[in-house]
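Each remark here refers to the structure printed beneath this line.
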Amino acid sequence: MTKITRMQLLRGDLKGEKTLFRPPWALPEEYFIDYCTRCNKCVDACFDELIVKGRGGFPQMDFKRGGCDFCEDCLNICPDNALKKVPTNVIEKEFLPPWQIKASIDLSNCLSMNATICRSCGESCDDEAINFTLKLGGIAEPELNVDACTGCGACFSVCPVQVISLRSIVLDKENHQVSEMS
Ligand code: SF4
Ligand code: SF4
Ligand code: SF4
């Protein structure tokens with residue numbers, strides 16, 4: 001019988017297979033579960049209503065509603081430091097990125113690759129991480145620059161055929177990768 005961890009129990013994830021994305025600047029999952037008191041102030045703070053009360057009462061992102069503009073409202077209202085900017089260079093005031101999320105595109109089912117004009121993902125990307133390259137036969141292929149992608153999720157919500165996915169690298173207390181979720 002598979003052992004259920006404390007983290008799974010708190011998250012209401014008994015099968016260990018639930019995928020979720022925490023709000024930006026969330027501590028690594030094990031710390032987040034400890035620090036977050038489920039007050040859900042971040043849920044109320046997000047003007048775009050991107051944060052929802054998820055399994056176990058913990059907040060999580062719903063990227064179907066749109067992309068995050070990293071306004072920091074959720075970060076600033078969190079009273080428990082469950083959302084917290086982690087400095088990498090105090091003097092230069094540099095911090096870890098808000099999360100480790102990246103988009104990816106399933107080109108086989110992309111409209112633009114199948115003779116239908118669509119540029120929705122590229123037009124929604126403020127970071128210009130998706131650019132279209134003309135290929136033989138007049139096909140325009142969306143190309144994702146992973147380094148430029150902030151994982152904001154804007155492209156995910158606008159793709160009319162849902163061929164864009166988001167992946168998150170989950171780290172434990174020692175900053176080792178626990179899993180990749182999509
Ligand atoms: S940074 Fe702003 S837009 Fe993004 S989840 Fe937080 S409150 Fe919402
Ligand atoms: S998730 Fe990445 S590719 Fe998609 S809109 Fe945001 S920055 Fe651009
Ligand atoms: S929005 Fe979706 S269907 Fe349209 S070009 Fe981008 S990946 Fe393809």
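FYI, nothing fancy with the structure tokens labels: chains A, B, ... in order, residues from 1 per chain, ligands from 1 as they appear.
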
| message | I want to know what sits within 12 Å of Asp106 in chain A, based on only C-alpha atoms, with residues of the same chain fewer than 5 positions away left out; could you give that as a ChimeraX atom specification? | response | /A:111-113,141-144,156,159,161-166

Restricted to N, CA, C and O atoms, what would the selected residues look like written as a short mmCIF file (atom, residue, chain, number, x, y, z; two decimals), in the first residue's frame?
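Written file, result_3.cif:
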data_model
loop_
_atom_site.label_atom_id
_atom_site.label_comp_id
_atom_site.auth_asym_id
_atom_site.auth_seq_id
_atom_site.Cartn_x
_atom_site.Cartn_y
_atom_site.Cartn_z
N LEU A 111 -3.75 25.24 -34.03
CA LEU A 111 -4.50 25.68 -35.22
C LEU A 111 -3.58 26.22 -36.30
O LEU A 111 -3.74 25.92 -37.48
N SER A 112 -2.61 27.03 -35.88
CA SER A 112 -1.72 27.67 -36.84
C SER A 112 -0.90 26.64 -37.62
O SER A 112 -0.50 26.88 -38.76
N MET A 113 -0.67 25.50 -37.02
CA MET A 113 0.08 24.44 -37.71
C MET A 113 -0.84 23.59 -38.58
O MET A 113 -0.39 22.67 -39.26
N GLU A 141 4.60 28.70 -37.51
CA GLU A 141 4.81 27.87 -36.32
C GLU A 141 5.09 28.73 -35.10
O GLU A 141 6.03 29.53 -35.10
N PRO A 142 4.30 28.58 -34.03
CA PRO A 142 4.60 29.32 -32.80
C PRO A 142 5.82 28.72 -32.11
O PRO A 142 5.86 27.52 -31.85
N GLU A 143 6.80 29.56 -31.85
CA GLU A 143 8.01 29.07 -31.18
C GLU A 143 8.13 29.74 -29.82
O GLU A 143 8.08 30.97 -29.70
N LEU A 144 8.31 28.92 -28.82
CA LEU A 144 8.34 29.41 -27.44
C LEU A 144 9.78 29.57 -26.97
O LEU A 144 10.56 28.62 -27.04
N PHE A 156 -2.02 30.38 -21.99
CA PHE A 156 -2.79 29.19 -21.61
C PHE A 156 -4.29 29.48 -21.69
O PHE A 156 -5.07 28.70 -22.23
N CYS A 159 -5.69 30.22 -25.62
CA CYS A 159 -5.59 29.25 -26.72
C CYS A 159 -6.94 28.59 -26.95
O CYS A 159 -7.47 27.92 -26.06
N VAL A 161 -7.88 26.07 -28.56
CA VAL A 161 -7.97 24.61 -28.60
C VAL A 161 -7.18 23.94 -27.46
O VAL A 161 -6.94 22.74 -27.48
N GLN A 162 -6.82 24.74 -26.47
CA GLN A 162 -6.17 24.24 -25.24
C GLN A 162 -4.97 23.31 -25.52
O GLN A 162 -4.87 22.22 -24.95
N VAL A 163 -4.10 23.78 -26.40
CA VAL A 163 -2.91 22.95 -26.66
C VAL A 163 -1.68 23.49 -25.92
O VAL A 163 -0.58 22.98 -26.10
N ILE A 164 -1.91 24.52 -25.10
CA ILE A 164 -0.80 25.04 -24.30
C ILE A 164 -0.93 24.50 -22.87
O ILE A 164 -2.01 24.51 -22.29
N SER A 165 0.17 24.01 -22.35
CA SER A 165 0.17 23.52 -20.97
C SER A 165 1.20 24.30 -20.16
O SER A 165 2.09 24.94 -20.71
N LEU A 166 1.03 24.25 -18.86
CA LEU A 166 1.97 24.91 -17.94
C LEU A 166 2.58 23.84 -17.06
O LEU A 166 1.89 22.93 -16.61
#

| message | Can you pull out every residue with an atom within 12 Å of ligand 2? Use only C-alpha atoms and all ligand atoms and format it as a ChimeraX atom specification. | response | /A:63,66-70,99-105,119-131,142-159,163-168

File dump, residues just selected, N, CA and C atoms, as a compact mmCIF listing (two decimals), in the first residue's frame:
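Final output, part-v6.txt:
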# COMPACT_ATOMS: atom_id res chain seq x y z
N PHE A 63 -5.45 29.19 -13.83
CA PHE A 63 -4.99 29.89 -15.03
C PHE A 63 -6.04 29.89 -16.15
N GLY A 66 -7.13 33.50 -16.64
CA GLY A 66 -6.27 34.52 -17.23
C GLY A 66 -4.84 34.39 -16.73
N GLY A 67 -4.03 35.37 -17.13
CA GLY A 67 -2.62 35.34 -16.77
C GLY A 67 -2.30 36.31 -15.64
N CYS A 68 -1.29 35.98 -14.89
CA CYS A 68 -0.85 36.80 -13.76
C CYS A 68 0.03 37.94 -14.26
N ASP A 69 -0.24 39.15 -13.76
CA ASP A 69 0.61 40.29 -14.17
C ASP A 69 1.66 40.63 -13.10
N PHE A 70 1.76 39.77 -12.10
CA PHE A 70 2.78 39.93 -11.04
C PHE A 70 2.67 41.29 -10.35
N TRP A 99 7.97 32.14 -9.45
CA TRP A 99 7.71 30.70 -9.48
C TRP A 99 8.52 30.06 -10.59
N GLN A 100 8.46 28.73 -10.62
CA GLN A 100 9.19 27.97 -11.65
C GLN A 100 8.16 27.37 -12.61
N ILE A 101 7.43 28.21 -13.28
CA ILE A 101 6.41 27.73 -14.22
C ILE A 101 6.82 28.12 -15.63
N LYS A 102 6.64 27.20 -16.55
CA LYS A 102 6.93 27.45 -17.96
C LYS A 102 5.79 26.91 -18.81
N ALA A 103 5.54 27.60 -19.91
CA ALA A 103 4.52 27.13 -20.86
C ALA A 103 5.16 26.16 -21.85
N SER A 104 4.33 25.31 -22.43
CA SER A 104 4.79 24.52 -23.58
C SER A 104 3.61 24.32 -24.51
N ILE A 105 3.92 24.16 -25.79
CA ILE A 105 2.88 24.09 -26.81
C ILE A 105 2.91 22.74 -27.51
N ARG A 119 -3.12 33.58 -33.85
CA ARG A 119 -1.91 34.15 -33.22
C ARG A 119 -2.20 34.51 -31.76
N SER A 120 -3.26 33.93 -31.23
CA SER A 120 -3.74 34.34 -29.90
C SER A 120 -2.66 34.26 -28.83
N CYS A 121 -1.91 33.18 -28.84
CA CYS A 121 -0.90 33.02 -27.77
C CYS A 121 0.17 34.11 -27.88
N GLY A 122 0.65 34.34 -29.10
CA GLY A 122 1.70 35.35 -29.28
C GLY A 122 1.21 36.74 -28.91
N GLU A 123 -0.03 37.04 -29.29
CA GLU A 123 -0.58 38.37 -29.01
C GLU A 123 -0.80 38.58 -27.51
N SER A 124 -1.02 37.51 -26.78
CA SER A 124 -1.29 37.66 -25.34
C SER A 124 -0.01 37.73 -24.51
N CYS A 125 1.11 37.41 -25.13
CA CYS A 125 2.35 37.31 -24.36
C CYS A 125 3.07 38.65 -24.28
N ASP A 126 2.99 39.28 -23.12
CA ASP A 126 3.64 40.58 -22.92
C ASP A 126 5.17 40.46 -22.97
N ASP A 127 5.65 39.27 -22.72
CA ASP A 127 7.10 39.07 -22.67
C ASP A 127 7.68 38.67 -24.02
N GLU A 128 6.83 38.64 -25.03
CA GLU A 128 7.25 38.28 -26.39
C GLU A 128 8.02 36.96 -26.40
N ALA A 129 7.52 36.03 -25.61
CA ALA A 129 8.18 34.72 -25.54
C ALA A 129 7.69 33.78 -26.63
N ILE A 130 6.61 34.16 -27.32
CA ILE A 130 6.11 33.32 -28.41
C ILE A 130 6.18 34.12 -29.71
N ASN A 131 6.94 33.61 -30.63
CA ASN A 131 7.07 34.26 -31.95
C ASN A 131 6.75 33.23 -33.02
N PRO A 142 4.30 28.58 -34.03
CA PRO A 142 4.60 29.32 -32.80
C PRO A 142 5.82 28.72 -32.11
N GLU A 143 6.80 29.56 -31.85
CA GLU A 143 8.01 29.07 -31.18
C GLU A 143 8.13 29.74 -29.82
N LEU A 144 8.31 28.92 -28.82
CA LEU A 144 8.34 29.41 -27.44
C LEU A 144 9.78 29.57 -26.97
N ASN A 145 10.11 30.76 -26.53
CA ASN A 145 11.41 31.00 -25.92
C ASN A 145 11.27 30.75 -24.41
N VAL A 146 11.71 29.57 -23.98
CA VAL A 146 11.50 29.16 -22.59
C VAL A 146 12.18 30.12 -21.61
N ASP A 147 13.33 30.63 -21.99
CA ASP A 147 14.04 31.54 -21.08
C ASP A 147 13.25 32.83 -20.87
N ALA A 148 12.55 33.29 -21.91
CA ALA A 148 11.79 34.54 -21.79
C ALA A 148 10.44 34.33 -21.10
N CYS A 149 9.98 33.08 -21.07
CA CYS A 149 8.66 32.78 -20.50
C CYS A 149 8.69 32.94 -18.98
N THR A 150 7.77 33.74 -18.47
CA THR A 150 7.66 33.95 -17.02
C THR A 150 6.63 33.02 -16.39
N GLY A 151 5.95 32.22 -17.22
CA GLY A 151 4.92 31.33 -16.70
C GLY A 151 3.68 32.07 -16.25
N CYS A 152 3.46 33.24 -16.82
CA CYS A 152 2.32 34.07 -16.38
C CYS A 152 0.98 33.39 -16.68
N GLY A 153 0.93 32.55 -17.70
CA GLY A 153 -0.28 31.81 -18.01
C GLY A 153 -1.22 32.50 -18.98
N ALA A 154 -0.85 33.68 -19.46
CA ALA A 154 -1.76 34.41 -20.36
C ALA A 154 -2.06 33.60 -21.62
N CYS A 155 -1.07 32.95 -22.18
CA CYS A 155 -1.28 32.18 -23.41
C CYS A 155 -2.16 30.97 -23.15
N PHE A 156 -2.02 30.38 -21.99
CA PHE A 156 -2.79 29.19 -21.61
C PHE A 156 -4.29 29.48 -21.69
N SER A 157 -4.66 30.64 -21.17
CA SER A 157 -6.10 30.94 -21.08
C SER A 157 -6.70 31.34 -22.42
N VAL A 158 -5.90 31.80 -23.36
CA VAL A 158 -6.48 32.28 -24.62
C VAL A 158 -6.45 31.27 -25.75
N CYS A 159 -5.69 30.22 -25.62
CA CYS A 159 -5.59 29.25 -26.72
C CYS A 159 -6.94 28.59 -26.95
N VAL A 163 -4.10 23.78 -26.40
CA VAL A 163 -2.91 22.95 -26.66
C VAL A 163 -1.68 23.49 -25.92
N ILE A 164 -1.91 24.52 -25.10
CA ILE A 164 -0.80 25.04 -24.30
C ILE A 164 -0.93 24.50 -22.87
N SER A 165 0.17 24.01 -22.35
CA SER A 165 0.17 23.52 -20.97
C SER A 165 1.20 24.30 -20.16
N LEU A 166 1.03 24.25 -18.86
CA LEU A 166 1.97 24.91 -17.94
C LEU A 166 2.58 23.84 -17.06
N ARG A 167 3.88 23.98 -16.81
CA ARG A 167 4.58 23.00 -15.98
C ARG A 167 5.26 23.70 -14.84
N SER A 168 5.20 23.09 -13.69
CA SER A 168 5.82 23.69 -12.50
C SER A 168 6.80 22.72 -11.89

| Nearby polymer residues, ligand 1, at most 12 Å, only C-alpha atoms and all ligand atoms, as a ChimeraX atom specification | /A:21-26,40-52,59-63,65-78,83-85,97-99,150-154

| request: Give me every strand (DSSP E) residue in range 68-152 of chain A, going by DSSP on the backbone, as JSON, numbers by chain. | output: {"A": [87, 88, 89, 94, 95, 101, 102, 103, 104, 105, 130, 131, 132, 133, 134, 140, 141, 142, 143, 144]}

Please produce a file of the residues just selected, as a PDB file, in the first residue's frame, where the atoms kept are N, CA and C atoms.
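Written output follows (out-v4.pdb):
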ATOM      1  N   PRO A  87      15.371  36.575  -1.126  1.00  0.00           N
ATOM      2  CA  PRO A  87      16.504  37.288  -1.727  1.00  0.00           C
ATOM      3  C   PRO A  87      17.617  36.345  -2.179  1.00  0.00           C
ATOM      4  N   THR A  88      18.208  36.682  -3.313  1.00  0.00           N
ATOM      5  CA  THR A  88      19.400  35.958  -3.763  1.00  0.00           C
ATOM      6  C   THR A  88      20.632  36.851  -3.633  1.00  0.00           C
ATOM      7  N   ASN A  89      20.387  38.164  -3.612  1.00  0.00           N
ATOM      8  CA  ASN A  89      21.477  39.124  -3.429  1.00  0.00           C
ATOM      9  C   ASN A  89      20.891  40.341  -2.718  1.00  0.00           C
ATOM     10  N   GLU A  94      18.143  41.560  -5.348  1.00  0.00           N
ATOM     11  CA  GLU A  94      17.695  40.562  -6.316  1.00  0.00           C
ATOM     12  C   GLU A  94      17.001  39.422  -5.578  1.00  0.00           C
ATOM     13  N   PHE A  95      15.954  38.890  -6.221  1.00  0.00           N
ATOM     14  CA  PHE A  95      15.136  37.863  -5.575  1.00  0.00           C
ATOM     15  C   PHE A  95      14.929  36.680  -6.515  1.00  0.00           C
ATOM     16  N   ILE A 101       7.430  28.212 -13.280  1.00  0.00           N
ATOM     17  CA  ILE A 101       6.409  27.734 -14.219  1.00  0.00           C
ATOM     18  C   ILE A 101       6.819  28.121 -15.634  1.00  0.00           C
ATOM     19  N   LYS A 102       6.636  27.196 -16.547  1.00  0.00           N
ATOM     20  CA  LYS A 102       6.931  27.452 -17.956  1.00  0.00           C
ATOM     21  C   LYS A 102       5.792  26.906 -18.814  1.00  0.00           C
ATOM     22  N   ALA A 103       5.538  27.598 -19.913  1.00  0.00           N
ATOM     23  CA  ALA A 103       4.524  27.130 -20.859  1.00  0.00           C
ATOM     24  C   ALA A 103       5.157  26.163 -21.847  1.00  0.00           C
ATOM     25  N   SER A 104       4.331  25.313 -22.433  1.00  0.00           N
ATOM     26  CA  SER A 104       4.788  24.524 -23.579  1.00  0.00           C
ATOM     27  C   SER A 104       3.607  24.316 -24.514  1.00  0.00           C
ATOM     28  N   ILE A 105       3.923  24.158 -25.786  1.00  0.00           N
ATOM     29  CA  ILE A 105       2.875  24.091 -26.811  1.00  0.00           C
ATOM     30  C   ILE A 105       2.911  22.735 -27.511  1.00  0.00           C
ATOM     31  N   ILE A 130       6.608  34.161 -27.317  1.00  0.00           N
ATOM     32  CA  ILE A 130       6.106  33.320 -28.408  1.00  0.00           C
ATOM     33  C   ILE A 130       6.175  34.121 -29.710  1.00  0.00           C
ATOM     34  N   ASN A 131       6.944  33.613 -30.635  1.00  0.00           N
ATOM     35  CA  ASN A 131       7.070  34.255 -31.947  1.00  0.00           C
ATOM     36  C   ASN A 131       6.754  33.234 -33.025  1.00  0.00           C
ATOM     37  N   PHE A 132       6.204  33.728 -34.127  1.00  0.00           N
ATOM     38  CA  PHE A 132       5.785  32.837 -35.209  1.00  0.00           C
ATOM     39  C   PHE A 132       6.804  32.859 -36.339  1.00  0.00           C
ATOM     40  N   THR A 133       7.144  31.671 -36.813  1.00  0.00           N
ATOM     41  CA  THR A 133       8.086  31.529 -37.908  1.00  0.00           C
ATOM     42  C   THR A 133       7.380  30.892 -39.095  1.00  0.00           C
ATOM     43  N   LEU A 134       7.520  31.537 -40.249  1.00  0.00           N
ATOM     44  CA  LEU A 134       6.872  30.995 -41.450  1.00  0.00           C
ATOM     45  C   LEU A 134       7.613  29.764 -41.941  1.00  0.00           C
ATOM     46  N   ALA A 140       2.546  28.977 -40.150  1.00  0.00           N
ATOM     47  CA  ALA A 140       3.251  29.803 -39.173  1.00  0.00           C
ATOM     48  C   ALA A 140       3.367  29.019 -37.870  1.00  0.00           C
ATOM     49  N   GLU A 141       4.597  28.705 -37.510  1.00  0.00           N
ATOM     50  CA  GLU A 141       4.813  27.867 -36.323  1.00  0.00           C
ATOM     51  C   GLU A 141       5.095  28.731 -35.100  1.00  0.00           C
ATOM     52  N   PRO A 142       4.296  28.580 -34.030  1.00  0.00           N
ATOM     53  CA  PRO A 142       4.600  29.321 -32.796  1.00  0.00           C
ATOM     54  C   PRO A 142       5.819  28.723 -32.105  1.00  0.00           C
ATOM     55  N   GLU A 143       6.795  29.558 -31.847  1.00  0.00           N
ATOM     56  CA  GLU A 143       8.008  29.072 -31.184  1.00  0.00           C
ATOM     57  C   GLU A 143       8.130  29.737 -29.820  1.00  0.00           C
ATOM     58  N   LEU A 144       8.305  28.920 -28.821  1.00  0.00           N
ATOM     59  CA  LEU A 144       8.341  29.410 -27.443  1.00  0.00           C
ATOM     60  C   LEU A 144       9.784  29.565 -26.971  1.00  0.00           C
TER      61      LEU A 144
END

| said: I'd like the interatomic distance between CA of Asp34 in chain A and CA of Leu96 in chain A, to a tenth of an Å. | reply: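 One can read the CA of Asp34 in chain A to CA of Leu96 in chain A distance as 20.0 Å.
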
| query | How many Å separate CA of Arg38 in chain A from CA of Leu20 in chain A? | reply | 15.6 Å

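All residues within range 42-162 of chain A that the backbone DSSP calculation assigns to alpha helix (DSSP H) are Cys42, Val43, Asp44, Ala45, Asp73, Cys74, Leu75, Asn76, Ile77, Ser120, Cys121, Gly122, Glu123, Ser124, Ala154, Cys155, Phe156, Ser157 and Val158 of chain A.
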
Residues of the last selection are to be written out with N, CA, C and O atoms, as a PDB file, in the first residue's frame.
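Listed below is the output, selection-v7.pdb:
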ATOM      1  N   CYS A  42      -5.157  36.235   0.085  1.00  0.00           N
ATOM      2  CA  CYS A  42      -4.632  36.376  -1.281  1.00  0.00           C
ATOM      3  C   CYS A  42      -5.740  36.137  -2.308  1.00  0.00           C
ATOM      4  O   CYS A  42      -5.756  36.762  -3.367  1.00  0.00           O
ATOM      5  N   VAL A  43      -6.658  35.230  -1.983  1.00  0.00           N
ATOM      6  CA  VAL A  43      -7.779  34.951  -2.894  1.00  0.00           C
ATOM      7  C   VAL A  43      -8.575  36.231  -3.121  1.00  0.00           C
ATOM      8  O   VAL A  43      -8.901  36.600  -4.251  1.00  0.00           O
ATOM      9  N   ASP A  44      -8.854  36.934  -2.033  1.00  0.00           N
ATOM     10  CA  ASP A  44      -9.639  38.169  -2.128  1.00  0.00           C
ATOM     11  C   ASP A  44      -8.835  39.309  -2.752  1.00  0.00           C
ATOM     12  O   ASP A  44      -9.406  40.214  -3.351  1.00  0.00           O
ATOM     13  N   ALA A  45      -7.519  39.268  -2.595  1.00  0.00           N
ATOM     14  CA  ALA A  45      -6.691  40.383  -3.057  1.00  0.00           C
ATOM     15  C   ALA A  45      -6.505  40.394  -4.574  1.00  0.00           C
ATOM     16  O   ALA A  45      -6.254  41.453  -5.155  1.00  0.00           O
ATOM     17  N   ASP A  73      -0.060  42.109  -5.348  1.00  0.00           N
ATOM     18  CA  ASP A  73      -1.118  42.338  -4.348  1.00  0.00           C
ATOM     19  C   ASP A  73      -1.258  41.149  -3.401  1.00  0.00           C
ATOM     20  O   ASP A  73      -1.443  41.316  -2.194  1.00  0.00           O
ATOM     21  N   CYS A  74      -1.199  39.934  -3.954  1.00  0.00           N
ATOM     22  CA  CYS A  74      -1.316  38.739  -3.099  1.00  0.00           C
ATOM     23  C   CYS A  74      -0.108  38.633  -2.172  1.00  0.00           C
ATOM     24  O   CYS A  74      -0.247  38.336  -0.982  1.00  0.00           O
ATOM     25  N   LEU A  75       1.048  38.899  -2.730  1.00  0.00           N
ATOM     26  CA  LEU A  75       2.286  38.842  -1.937  1.00  0.00           C
ATOM     27  C   LEU A  75       2.221  39.815  -0.765  1.00  0.00           C
ATOM     28  O   LEU A  75       2.536  39.465   0.379  1.00  0.00           O
ATOM     29  N   ASN A  76       1.799  41.024  -1.045  1.00  0.00           N
ATOM     30  CA  ASN A  76       1.819  42.072  -0.021  1.00  0.00           C
ATOM     31  C   ASN A  76       0.798  41.863   1.082  1.00  0.00           C
ATOM     32  O   ASN A  76       0.982  42.337   2.201  1.00  0.00           O
ATOM     33  N   ILE A  77      -0.277  41.156   0.762  1.00  0.00           N
ATOM     34  CA  ILE A  77      -1.324  41.001   1.786  1.00  0.00           C
ATOM     35  C   ILE A  77      -1.130  39.753   2.651  1.00  0.00           C
ATOM     36  O   ILE A  77      -1.729  39.640   3.724  1.00  0.00           O
ATOM     37  N   SER A 120      -3.257  33.925 -31.227  1.00  0.00           N
ATOM     38  CA  SER A 120      -3.739  34.341 -29.899  1.00  0.00           C
ATOM     39  C   SER A 120      -2.663  34.261 -28.827  1.00  0.00           C
ATOM     40  O   SER A 120      -2.522  35.167 -28.000  1.00  0.00           O
ATOM     41  N   CYS A 121      -1.905  33.177 -28.838  1.00  0.00           N
ATOM     42  CA  CYS A 121      -0.901  33.024 -27.775  1.00  0.00           C
ATOM     43  C   CYS A 121       0.173  34.106 -27.880  1.00  0.00           C
ATOM     44  O   CYS A 121       0.536  34.724 -26.871  1.00  0.00           O
ATOM     45  N   GLY A 122       0.654  34.340 -29.096  1.00  0.00           N
ATOM     46  CA  GLY A 122       1.700  35.346 -29.277  1.00  0.00           C
ATOM     47  C   GLY A 122       1.212  36.739 -28.912  1.00  0.00           C
ATOM     48  O   GLY A 122       1.929  37.525 -28.281  1.00  0.00           O
ATOM     49  N   GLU A 123      -0.032  37.036 -29.293  1.00  0.00           N
ATOM     50  CA  GLU A 123      -0.580  38.366 -29.011  1.00  0.00           C
ATOM     51  C   GLU A 123      -0.804  38.581 -27.514  1.00  0.00           C
ATOM     52  O   GLU A 123      -0.769  39.712 -27.030  1.00  0.00           O
ATOM     53  N   SER A 124      -1.016  37.514 -26.784  1.00  0.00           N
ATOM     54  CA  SER A 124      -1.288  37.663 -25.340  1.00  0.00           C
ATOM     55  C   SER A 124      -0.009  37.733 -24.515  1.00  0.00           C
ATOM     56  O   SER A 124      -0.051  38.073 -23.331  1.00  0.00           O
ATOM     57  N   ALA A 154      -0.855  33.680 -19.462  1.00  0.00           N
ATOM     58  CA  ALA A 154      -1.759  34.414 -20.362  1.00  0.00           C
ATOM     59  C   ALA A 154      -2.058  33.603 -21.623  1.00  0.00           C
ATOM     60  O   ALA A 154      -3.198  33.566 -22.096  1.00  0.00           O
ATOM     61  N   CYS A 155      -1.068  32.950 -22.185  1.00  0.00           N
ATOM     62  CA  CYS A 155      -1.275  32.180 -23.410  1.00  0.00           C
ATOM     63  C   CYS A 155      -2.161  30.965 -23.147  1.00  0.00           C
ATOM     64  O   CYS A 155      -2.980  30.587 -23.983  1.00  0.00           O
ATOM     65  N   PHE A 156      -2.017  30.378 -21.985  1.00  0.00           N
ATOM     66  CA  PHE A 156      -2.794  29.189 -21.614  1.00  0.00           C
ATOM     67  C   PHE A 156      -4.290  29.477 -21.692  1.00  0.00           C
ATOM     68  O   PHE A 156      -5.074  28.701 -22.226  1.00  0.00           O
ATOM     69  N   SER A 157      -4.662  30.644 -21.167  1.00  0.00           N
ATOM     70  CA  SER A 157      -6.098  30.942 -21.077  1.00  0.00           C
ATOM     71  C   SER A 157      -6.705  31.337 -22.424  1.00  0.00           C
ATOM     72  O   SER A 157      -7.909  31.216 -22.599  1.00  0.00           O
ATOM     73  N   VAL A 158      -5.904  31.803 -23.363  1.00  0.00           N
ATOM     74  CA  VAL A 158      -6.484  32.285 -24.623  1.00  0.00           C
ATOM     75  C   VAL A 158      -6.446  31.266 -25.754  1.00  0.00           C
ATOM     76  O   VAL A 158      -7.124  31.453 -26.768  1.00  0.00           O
TER      77      VAL A 158
END

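Picture a line from atom 8 (Fe, counted along the ligand's line) of ligand 3 to CA of Ile117 in chain A; it runs 8.8 Å.
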
| message | Taking only C-alpha atoms and all ligand atoms into account, name the residue in A:Val86, A:Leu107, A:Cys36, A:Leu27 that is nearest to ligand 3. | response |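 The shortest atom-to-atom distance to ligand 3 comes from A:Leu107.
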
| task | Using only C-alpha atoms and all ligand atoms, pick whichever of A:Leu136, A:Lys93, A:Pro28, A:Thr116 has the shortest atom-to-atom distance to ligand 3. | result | A:Thr116
